[in-house]
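Report on the structure given below.
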Amino acid sequence: MTKAAVRLFVARTQPFEDFLLFDQGRELVAAQAFVDAALKGADSRSLIAVSYPANGKRALLQGVCNRLSMKNLNVLWVDARELMLHLRDQRREEANALGRFVLSEAFRPLVVAIDDVDTLERAAFVDDVDTLESQTSSEDVEPTELLKRIARGLPNVVVLASAEGPGRALELLPGSTLIYFGWPDKDRMSELLADMKLPNHAKVAEGLVRIEKGLKARFTTSSLVGAVREAQGLYTQQELNDLNPVKLADYLSHFCSPTPEAAVSAYESENEKYRLEASRFLKGSDA
Amino acid sequence: MPNGGGPGEDPPWSDETPKKAPDFWGYERELRTALFLARSVLKMAIIFGYPGGGKSSVARRVAWDLRAENGGKAWPVLRIRCEKIRTMPEEEARERLAQISTVVSSRGNPQIVVLDELDGIAPEHSRRSLACWWVIDLVKDLKDHPRGVFLIAATNHPMRIDATIFSEMGRLLDIPPPEDDTLLPLLKEHLNQNKAAAKAILNAYRGLAKGRVIMTRPLHDALLEFGARVVGWKAWDAAKIAGSLHPLGVQDDIGRFNKWKEENALALQASSGLKALAQETAAKKAVPQ
């Protein structure tokens with residue numbers, strides 16, 4: 001609970017130790033291609049990964065950051081929630097490190113990854129916005145203002161962000177490209193289980209989808225990952241290999257929070273236009 | 001340990017580490033499931049139930065039952081009243097949350113952290129309170145770095161809690177309204193273990209409470225109030241005693257209870273599966289290899 005407010009991942013530093021080994025293949029490739037194009041001067045300077053809570057947007061951001069770090073690119077990781085807590089907590093020096101770092105020419109090209117970017121916007125909109133602004137001295141770089149400057153085009157700086165609510169995130173980073181994650185379907189579940197070295201992954205995924213239908217609910221990516229860790233904690237690899245896939249799916253399902261179908265539909269219809277836009281981007285990347 | 005409140009203040013958290021075996025009646029299946037989760041890799045549970053069902057006592061009982069895994073001492077239990085923090089002025093809430101973080105960090109592991117009334121910090125109009133962000137951070141941190149903290153979210157309304165917390169915590173465990181096998185031991189304890197008397201009083205009591213839900217905590221409180229008289233009566237009269245306990249021990253009408261069940265049908269279904277799994281796992285471990 002004492003993580004630093006601003007974690008810097010510059011060239012040759014350690015990758016994310018807790019990086020989830022779930023390769024969201026298509027999206028990962030598309031995001032990397034986006035960064036390459038942006039650094040070569042493409043119009044769009046920021047990419048926002050959007051999903052319902054716990055569906056894998058942070059993992060995508062971390063995955064891209066790790067790969068960019070390996071290519072010796074400067075990457076700055078910002079947890080927007082912590083940043084806001086620090087701003088509120090008078091620890092402005094740490095918070096302002098973000099602004100100084102991004103504006104510094106010395107570290108460019110630079111990729112700024114901001115987890116939960118809509119938090120920043122949301123926090124700036126509500127309750128203590130007056131306090132926040134009154135505390136900002138002329139030397140400070142207020143984070144929301146900084147993001148707007150980047151979005152307008154700071155040379156050699158690209159933003160990767162994640163958000164639950166694309167509407168708010170787009171107000172902050174206008175003109176951003178979107179990547180949208182729905183709830184994992186059978187193929188994505190299978191891919192996830194395979195990445196986590198679970199045997200019979202395709203059949204287990206089939207079983208999970210059947211259970212979802214029975215419950216009239218969907219399982220989120222993150223809860224599925226937690227469930228696999230539980231299975232690996234209880235069973236040896238040999239036991240997992242010997243286990244009937246239907247039984248294994250049943251086991252995993254007990255550790256997955258079920259999102260009711262009504263909540264799934266509400267989120268998807270609320271974000272329909274963003275979903276379509278994101279889908280066009282992915283199709284373009286495939287081409 | 002600091003309790004977070006000045007003189008006369010109602011503190012937002014409390015140390016509930018049991019010093020002796022805590023009161024606990026029935027709920028063996030739920031206790032077994034909670035112990036299973038406390039020993040699991042991610043050590044997280046959303047414990048829910050109809051008000052007055054004894055959710056908090058599960059945490060204390062788990063802490064006591066797992067003392068062998070903590071050098072013979074009960075696991076420390078910290079109960080945080082989320083709703084109370086949410087209603088504080090932001091400045092004070094920030095200070096309290098920082099204090100709680102310090103307490104949790106300084107306690108060492110294993111330990112149990114109970115986030116009580118978690119539905120009380122659900123976002124309003126998509127806006128999350130500071131307390132809600134704090135809990136999300138705690139959950140994500142414990143998920144990324146499991147370290148022997150058994151995190152329990154206690155709530156009456158699991159489907160109303162913040163979507164991120166709900167998705168990240170995963171496991172749902174309900175504490176159902178008590179059946180006879182829960183209420184009888186409770187009554188027996190107040191009746192010098194007289195099983196026949198306990199049964200007779202319970203039957204009379206069920207008759208009086210017809211159409212209403214009997215919950216453990218209110219009945220326990222009623223028994224404490226009338227307990228001395230109950231035990232002291234030699235020529236006991238079941239109907240009279242049940243009449244004395246009623247209506248303190250009954251909780252709510254069946255209509256409201258059914259509505260609650262309907263709202264939480266999905267969570268109840270998930271919880272039922274988890275209990276079966278815990279039982280199966282315990283049976284598997286009991287089989288000699």
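Each chain in the structure tokens gets a letter, A, B, ..., in the order shown, and its residues are numbered from 1; ligands are numbered from 1 in order too.
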Run DSSP on the backbone and grab whatever in region 67-201 of chain B lands in helix (DSSP H, G or I); send it over as an mmCIF file with N, CA and C atoms, in the first residue's frame.
```cif
data_model
loop_
_atom_site.group_PDB
_atom_site.id
_atom_site.type_symbol
_atom_site.label_atom_id
_atom_site.label_comp_id
_atom_site.auth_asym_id
_atom_site.auth_seq_id
_atom_site.Cartn_x
_atom_site.Cartn_y
_atom_site.Cartn_z
ATOM 1 N N ARG B 67 -6.048 -20.163 14.773
ATOM 2 C CA ARG B 67 -4.955 -19.736 15.644
ATOM 3 C C ARG B 67 -3.737 -20.654 15.546
ATOM 4 N N ALA B 68 -3.961 -21.926 15.219
ATOM 5 C CA ALA B 68 -2.820 -22.845 15.084
ATOM 6 C C ALA B 68 -1.880 -22.384 13.970
ATOM 7 N N GLU B 69 -2.439 -21.616 13.030
ATOM 8 C CA GLU B 69 -1.617 -21.131 11.916
ATOM 9 C C GLU B 69 -0.986 -19.778 12.229
ATOM 10 N N ASN B 70 -1.091 -19.351 13.475
ATOM 11 C CA ASN B 70 -0.482 -18.076 13.873
ATOM 12 C C ASN B 70 0.176 -18.250 15.245
ATOM 13 N N CYS B 82 -16.916 1.206 6.729
ATOM 14 C CA CYS B 82 -16.750 2.004 5.506
ATOM 15 C C CYS B 82 -17.738 3.164 5.435
ATOM 16 N N GLU B 83 -18.980 2.882 5.778
ATOM 17 C CA GLU B 83 -20.025 3.897 5.679
ATOM 18 C C GLU B 83 -19.658 5.125 6.524
ATOM 19 N N LYS B 84 -19.091 4.857 7.673
ATOM 20 C CA LYS B 84 -18.733 5.953 8.575
ATOM 21 C C LYS B 84 -17.643 6.837 7.956
ATOM 22 N N ILE B 85 -16.697 6.189 7.284
ATOM 23 C CA ILE B 85 -15.622 6.967 6.665
ATOM 24 C C ILE B 85 -16.166 7.789 5.493
ATOM 25 N N ARG B 86 -17.092 7.186 4.761
ATOM 26 C CA ARG B 86 -17.643 7.897 3.603
ATOM 27 C C ARG B 86 -18.340 9.199 4.016
ATOM 28 N N GLU B 90 -13.914 15.213 3.846
ATOM 29 C CA GLU B 90 -12.827 14.581 3.088
ATOM 30 C C GLU B 90 -11.469 14.639 3.811
ATOM 31 N N GLU B 91 -11.201 15.773 4.407
ATOM 32 C CA GLU B 91 -9.913 15.935 5.092
ATOM 33 C C GLU B 91 -9.757 14.879 6.188
ATOM 34 N N GLU B 92 -10.831 14.712 6.966
ATOM 35 C CA GLU B 92 -10.784 13.752 8.074
ATOM 36 C C GLU B 92 -10.713 12.317 7.533
ATOM 37 N N ALA B 93 -11.476 12.068 6.469
ATOM 38 C CA ALA B 93 -11.477 10.712 5.887
ATOM 39 C C ALA B 93 -10.080 10.337 5.419
ATOM 40 N N ARG B 94 -9.414 11.292 4.785
ATOM 41 C CA ARG B 94 -8.056 11.019 4.284
ATOM 42 C C ARG B 94 -7.124 10.661 5.444
ATOM 43 N N GLU B 95 -7.268 11.430 6.517
ATOM 44 C CA GLU B 95 -6.422 11.207 7.691
ATOM 45 C C GLU B 95 -6.703 9.823 8.296
ATOM 46 N N ARG B 96 -7.999 9.497 8.410
ATOM 47 C CA ARG B 96 -8.387 8.200 8.987
ATOM 48 C C ARG B 96 -7.882 7.041 8.119
ATOM 49 N N LEU B 97 -8.034 7.188 6.816
ATOM 50 C CA LEU B 97 -7.619 6.094 5.927
ATOM 51 C C LEU B 97 -6.104 5.890 5.997
ATOM 52 N N ALA B 98 -5.376 7.002 6.113
ATOM 53 C CA ALA B 98 -3.920 6.882 6.247
ATOM 54 C C ALA B 98 -3.586 6.147 7.548
ATOM 55 N N GLN B 99 -4.348 6.461 8.608
ATOM 56 C CA GLN B 99 -4.112 5.786 9.894
ATOM 57 C C GLN B 99 -4.417 4.294 9.770
ATOM 58 N N ILE B 100 -5.507 3.981 9.096
ATOM 59 C CA ILE B 100 -5.876 2.566 8.951
ATOM 60 C C ILE B 100 -4.798 1.825 8.156
ATOM 61 N N SER B 101 -4.308 2.466 7.095
ATOM 62 C CA SER B 101 -3.241 1.842 6.295
ATOM 63 C C SER B 101 -2.047 1.524 7.179
ATOM 64 N N THR B 102 -1.711 2.453 8.059
ATOM 65 C CA THR B 102 -0.575 2.249 8.952
ATOM 66 C C THR B 102 -0.847 1.073 9.890
ATOM 67 N N VAL B 103 -2.065 1.027 10.425
ATOM 68 C CA VAL B 103 -2.412 -0.066 11.349
ATOM 69 C C VAL B 103 -2.308 -1.412 10.626
ATOM 70 N N VAL B 104 -2.878 -1.493 9.418
ATOM 71 C CA VAL B 104 -2.857 -2.754 8.666
ATOM 72 C C VAL B 104 -1.406 -3.167 8.384
ATOM 73 N N SER B 105 -0.590 -2.192 7.966
ATOM 74 C CA SER B 105 0.809 -2.513 7.644
ATOM 75 C C SER B 105 1.580 -2.968 8.877
ATOM 76 N N SER B 106 1.250 -2.365 10.033
ATOM 77 C CA SER B 106 2.049 -2.652 11.223
ATOM 78 C C SER B 106 1.639 -3.944 11.933
ATOM 79 N N LEU B 118 -19.927 -2.461 3.225
ATOM 80 C CA LEU B 118 -19.226 -2.029 2.019
ATOM 81 C C LEU B 118 -20.165 -1.400 0.989
ATOM 82 N N ASP B 119 -21.427 -1.820 0.967
ATOM 83 C CA ASP B 119 -22.349 -1.210 0.002
ATOM 84 C C ASP B 119 -22.533 0.278 0.282
ATOM 85 N N GLY B 120 -22.193 0.685 1.504
ATOM 86 C CA GLY B 120 -22.326 2.105 1.882
ATOM 87 C C GLY B 120 -21.380 3.011 1.130
ATOM 88 N N ILE B 121 -20.345 2.454 0.497
ATOM 89 C CA ILE B 121 -19.431 3.328 -0.248
ATOM 90 C C ILE B 121 -19.558 3.110 -1.756
ATOM 91 N N LEU B 130 -13.578 8.905 -1.611
ATOM 92 C CA LEU B 130 -12.192 8.612 -1.248
ATOM 93 C C LEU B 130 -12.101 7.216 -0.627
ATOM 94 N N ALA B 131 -13.077 6.887 0.228
ATOM 95 C CA ALA B 131 -13.077 5.570 0.884
ATOM 96 C C ALA B 131 -13.158 4.458 -0.154
ATOM 97 N N CYS B 132 -13.953 4.682 -1.196
ATOM 98 C CA CYS B 132 -14.115 3.677 -2.244
ATOM 99 C C CYS B 132 -12.791 3.485 -2.991
ATOM 100 N N TRP B 133 -12.133 4.581 -3.332
ATOM 101 C CA TRP B 133 -10.829 4.469 -4.010
ATOM 102 C C TRP B 133 -9.814 3.768 -3.118
ATOM 103 N N TRP B 134 -9.880 4.054 -1.850
ATOM 104 C CA TRP B 134 -8.938 3.433 -0.900
ATOM 105 C C TRP B 134 -9.133 1.923 -0.897
ATOM 106 N N VAL B 135 -10.403 1.499 -0.868
ATOM 107 C CA VAL B 135 -10.686 0.059 -0.850
ATOM 108 C C VAL B 135 -10.230 -0.585 -2.168
ATOM 109 N N ILE B 136 -10.484 0.083 -3.289
ATOM 110 C CA ILE B 136 -10.060 -0.469 -4.586
ATOM 111 C C ILE B 136 -8.544 -0.663 -4.590
ATOM 112 N N ASP B 137 -7.855 0.336 -4.070
ATOM 113 C CA ASP B 137 -6.391 0.260 -4.032
ATOM 114 C C ASP B 137 -5.928 -0.909 -3.159
ATOM 115 N N LEU B 138 -6.600 -1.070 -2.014
ATOM 116 C CA LEU B 138 -6.247 -2.160 -1.094
ATOM 117 C C LEU B 138 -6.476 -3.521 -1.780
ATOM 118 N N VAL B 139 -7.630 -3.655 -2.419
ATOM 119 C CA VAL B 139 -7.967 -4.932 -3.070
ATOM 120 C C VAL B 139 -6.963 -5.248 -4.179
ATOM 121 N N LYS B 140 -6.669 -4.234 -5.015
ATOM 122 C CA LYS B 140 -5.739 -4.470 -6.127
ATOM 123 C C LYS B 140 -4.343 -4.810 -5.603
ATOM 124 N N ASP B 141 -3.963 -4.114 -4.553
ATOM 125 C CA ASP B 141 -2.630 -4.351 -3.989
ATOM 126 C C ASP B 141 -2.531 -5.772 -3.437
ATOM 127 N N LEU B 142 -3.560 -6.199 -2.704
ATOM 128 C CA LEU B 142 -3.535 -7.544 -2.127
ATOM 129 C C LEU B 142 -3.636 -8.610 -3.219
ATOM 130 N N LYS B 143 -4.286 -8.259 -4.307
ATOM 131 C CA LYS B 143 -4.416 -9.223 -5.397
ATOM 132 C C LYS B 143 -3.068 -9.368 -6.128
ATOM 133 N N ASP B 144 -2.405 -8.239 -6.317
ATOM 134 C CA ASP B 144 -1.101 -8.293 -7.004
ATOM 135 C C ASP B 144 -0.022 -8.887 -6.109
ATOM 136 N N PRO B 158 -24.753 -7.405 -1.726
ATOM 137 C CA PRO B 158 -23.542 -7.616 -2.531
ATOM 138 C C PRO B 158 -23.642 -7.060 -3.946
ATOM 139 N N MET B 159 -24.852 -7.085 -4.525
ATOM 140 C CA MET B 159 -24.972 -6.642 -5.916
ATOM 141 C C MET B 159 -24.947 -5.114 -6.029
ATOM 142 N N ARG B 160 -24.888 -4.441 -4.902
ATOM 143 C CA ARG B 160 -24.850 -2.978 -4.972
ATOM 144 C C ARG B 160 -23.450 -2.431 -4.733
ATOM 145 N N ALA B 163 -18.475 -1.917 -8.717
ATOM 146 C CA ALA B 163 -18.240 -2.979 -9.704
ATOM 147 C C ALA B 163 -16.785 -3.465 -9.704
ATOM 148 N N THR B 164 -15.846 -2.558 -9.508
ATOM 149 C CA THR B 164 -14.439 -2.974 -9.505
ATOM 150 C C THR B 164 -14.162 -3.877 -8.303
ATOM 151 N N ILE B 165 -14.645 -3.460 -7.148
ATOM 152 C CA ILE B 165 -14.403 -4.254 -5.935
ATOM 153 C C ILE B 165 -15.073 -5.621 -6.078
ATOM 154 N N PHE B 166 -16.290 -5.615 -6.593
ATOM 155 C CA PHE B 166 -17.037 -6.860 -6.774
ATOM 156 C C PHE B 166 -16.279 -7.808 -7.716
ATOM 157 N N SER B 167 -15.806 -7.262 -8.827
ATOM 158 C CA SER B 167 -15.114 -8.106 -9.808
ATOM 159 C C SER B 167 -13.774 -8.605 -9.290
ATOM 160 N N GLU B 168 -13.078 -7.746 -8.579
ATOM 161 C CA GLU B 168 -11.742 -8.141 -8.120
ATOM 162 C C GLU B 168 -11.804 -9.138 -6.962
ATOM 163 N N MET B 169 -12.790 -8.984 -6.091
ATOM 164 C CA MET B 169 -12.815 -9.847 -4.906
ATOM 165 C C MET B 169 -13.350 -11.241 -5.197
ATOM 166 N N ASP B 180 -33.381 -24.311 12.252
ATOM 167 C CA ASP B 180 -33.461 -24.831 13.621
ATOM 168 C C ASP B 180 -32.096 -25.274 14.158
ATOM 169 N N ASP B 181 -31.253 -25.812 13.254
ATOM 170 C CA ASP B 181 -29.962 -26.305 13.750
ATOM 171 C C ASP B 181 -29.043 -25.180 14.204
ATOM 172 N N THR B 182 -29.390 -23.942 13.860
ATOM 173 C CA THR B 182 -28.631 -22.796 14.354
ATOM 174 C C THR B 182 -29.286 -22.239 15.607
ATOM 175 N N LEU B 183 -30.615 -22.177 15.567
ATOM 176 C CA LEU B 183 -31.329 -21.547 16.686
ATOM 177 C C LEU B 183 -31.352 -22.437 17.934
ATOM 178 N N LEU B 184 -31.417 -23.741 17.719
ATOM 179 C CA LEU B 184 -31.492 -24.639 18.879
ATOM 180 C C LEU B 184 -30.256 -24.548 19.782
ATOM 181 N N PRO B 185 -29.041 -24.613 19.212
ATOM 182 C CA PRO B 185 -27.876 -24.484 20.101
ATOM 183 C C PRO B 185 -27.857 -23.156 20.842
ATOM 184 N N LEU B 186 -28.341 -22.108 20.158
ATOM 185 C CA LEU B 186 -28.383 -20.787 20.799
ATOM 186 C C LEU B 186 -29.335 -20.821 22.002
ATOM 187 N N LEU B 187 -30.507 -21.409 21.807
ATOM 188 C CA LEU B 187 -31.478 -21.501 22.905
ATOM 189 C C LEU B 187 -30.965 -22.420 24.019
ATOM 190 N N LYS B 188 -30.363 -23.514 23.582
ATOM 191 C CA LYS B 188 -29.861 -24.487 24.581
ATOM 192 C C LYS B 188 -28.845 -23.841 25.517
ATOM 193 N N GLU B 189 -28.026 -22.978 24.920
ATOM 194 C CA GLU B 189 -26.989 -22.337 25.729
ATOM 195 C C GLU B 189 -27.593 -21.522 26.871
ATOM 196 N N LYS B 195 -32.303 -29.699 25.953
ATOM 197 C CA LYS B 195 -32.715 -29.793 24.557
ATOM 198 C C LYS B 195 -34.239 -29.746 24.403
ATOM 199 N N ALA B 196 -34.920 -30.460 25.297
ATOM 200 C CA ALA B 196 -36.386 -30.517 25.202
ATOM 201 C C ALA B 196 -36.984 -29.121 25.389
ATOM 202 N N ALA B 197 -36.459 -28.388 26.366
ATOM 203 C CA ALA B 197 -36.963 -27.035 26.610
ATOM 204 C C ALA B 197 -36.692 -26.140 25.409
ATOM 205 N N ALA B 198 -35.478 -26.250 24.861
ATOM 206 C CA ALA B 198 -35.106 -25.421 23.711
ATOM 207 C C ALA B 198 -36.049 -25.687 22.537
ATOM 208 N N LYS B 199 -36.345 -26.967 22.309
ATOM 209 C CA LYS B 199 -37.219 -27.325 21.186
ATOM 210 C C LYS B 199 -38.620 -26.766 21.380
ATOM 211 N N ALA B 200 -39.120 -26.915 22.594
ATOM 212 C CA ALA B 200 -40.480 -26.455 22.883
ATOM 213 C C ALA B 200 -40.586 -24.942 22.715
ATOM 214 N N ILE B 201 -39.568 -24.232 23.213
ATOM 215 C CA ILE B 201 -39.598 -22.763 23.110
ATOM 216 C C ILE B 201 -39.490 -22.344 21.645
#
```
Do you know which residues are at most 9 Å from Val228 (chain A) counting only C-alpha atoms, after dropping those on the same chain fewer than 2 positions away, and could you put them as a PyMOL selection string?
chain A and resi 193+196+198+223-226+230-233+252+255
Do me a favour and pick out the residues of chain A within 8 Å of chain B, using only C-alpha atoms, as a PyMOL selection string.
chain A and resi 1+18+53-54+81+89+122+215+220+222-223+226+229-230+233-234+251+254-260
Mind dumping the selected residues with C-alpha atoms as a PDB file, in the first residue's frame?
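Listing of part07.pdb after writing:
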```pdb
ATOM      1  CA  MET A   1       0.000   0.000   0.000  1.00  0.00           C
ATOM      2  CA  ASP A  18       3.103  -8.271 -11.597  1.00  0.00           C
ATOM      3  CA  PRO A  53     -13.946  -2.849 -14.367  1.00  0.00           C
ATOM      4  CA  ALA A  54     -11.511  -5.755 -14.173  1.00  0.00           C
ATOM      5  CA  ARG A  81      -5.902   7.315  -8.652  1.00  0.00           C
ATOM      6  CA  ASP A  89      -2.602  14.807   0.283  1.00  0.00           C
ATOM      7  CA  ARG A 122     -13.648  12.785 -12.387  1.00  0.00           C
ATOM      8  CA  LEU A 215     -26.120 -18.127 -14.264  1.00  0.00           C
ATOM      9  CA  THR A 220     -14.635 -10.686 -15.813  1.00  0.00           C
ATOM     10  CA  SER A 222      -9.512 -10.352 -13.711  1.00  0.00           C
ATOM     11  CA  SER A 223     -11.716 -12.648 -11.653  1.00  0.00           C
ATOM     12  CA  GLY A 226      -7.747 -14.977  -9.798  1.00  0.00           C
ATOM     13  CA  ARG A 229      -4.364 -18.826  -9.462  1.00  0.00           C
ATOM     14  CA  GLU A 230      -6.596 -20.512  -6.904  1.00  0.00           C
ATOM     15  CA  GLY A 233      -2.634 -23.144  -5.556  1.00  0.00           C
ATOM     16  CA  LEU A 234      -4.773 -26.148  -4.711  1.00  0.00           C
ATOM     17  CA  TYR A 251     -14.124 -25.146  -9.928  1.00  0.00           C
ATOM     18  CA  HIS A 254     -16.804 -20.489  -8.022  1.00  0.00           C
ATOM     19  CA  PHE A 255     -14.019 -17.934  -7.764  1.00  0.00           C
ATOM     20  CA  CYS A 256     -15.327 -15.649 -10.514  1.00  0.00           C
ATOM     21  CA  SER A 257     -17.584 -12.733  -9.695  1.00  0.00           C
ATOM     22  CA  PRO A 258     -20.632 -12.987 -11.916  1.00  0.00           C
ATOM     23  CA  THR A 259     -21.585  -9.725 -13.630  1.00  0.00           C
ATOM     24  CA  PRO A 260     -25.371  -9.906 -14.170  1.00  0.00           C
TER      25      PRO A 260
END
```
When you count only C-alpha atoms, which of these residues is closest to Asp36 (chain A): A:Ile150, A:Val157, A:Tyr52, A:Glu270?
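Nearest to Asp36 (chain A): A:Val157.
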List every residue of region 84-197 of chain B that DSSP, applied to the backbone, labels as strand (DSSP E or B), and write the result as a ChimeraX atom specification.
/B:111-116,124,127,149-155,172-175
Same residues, C-alpha atoms, saved as a compact mmCIF listing (two decimals), in the first residue's frame:
```txt
# COMPACT_ATOMS: atom_id res chain seq x y z
CA GLN B 111 -4.50 -10.95 9.81
CA ILE B 112 -8.13 -10.36 8.92
CA VAL B 113 -9.44 -7.04 7.64
CA VAL B 114 -13.23 -6.68 7.62
CA LEU B 115 -14.67 -3.94 5.41
CA ASP B 116 -18.04 -3.58 7.04
CA GLU B 124 -23.16 7.81 -6.34
CA ARG B 127 -18.59 9.26 -8.52
CA VAL B 149 -4.28 -10.71 4.76
CA PHE B 150 -7.75 -12.29 4.65
CA LEU B 151 -9.90 -9.49 3.29
CA ILE B 152 -13.60 -9.74 4.06
CA ALA B 153 -16.20 -7.40 2.63
CA ALA B 154 -19.35 -7.59 4.76
CA THR B 155 -22.55 -6.31 3.20
CA LEU B 172 -19.36 -14.67 -2.61
CA LEU B 173 -20.44 -16.28 0.63
CA ASP B 174 -23.89 -15.80 2.13
CA ILE B 175 -24.91 -16.27 5.73
```
One decimal, Å: what's the distance from CA of Phe226 (chain B) over to CA of Pro176 (chain B), could you say?
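Separating CA of Phe226 (chain B) from CA of Pro176 (chain B) is a distance of 25.2 Å.
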Neighbouring residues of Glu27 (chain A) were defined as those with any atom within 12 Å, considering only C-alpha atoms; residues of the same chain fewer than 5 positions away were excluded. Please report them as number ranges by chain.
A: 22, 32-34, 47-50, 56-57, 59-61, 63-64, 178-181, 188, 278-279, 281-286
Report, in Å with one decimal, the straight-line distance from CA of Thr216 (chain B) to CA of Tyr50 (chain B).
10.5 Å
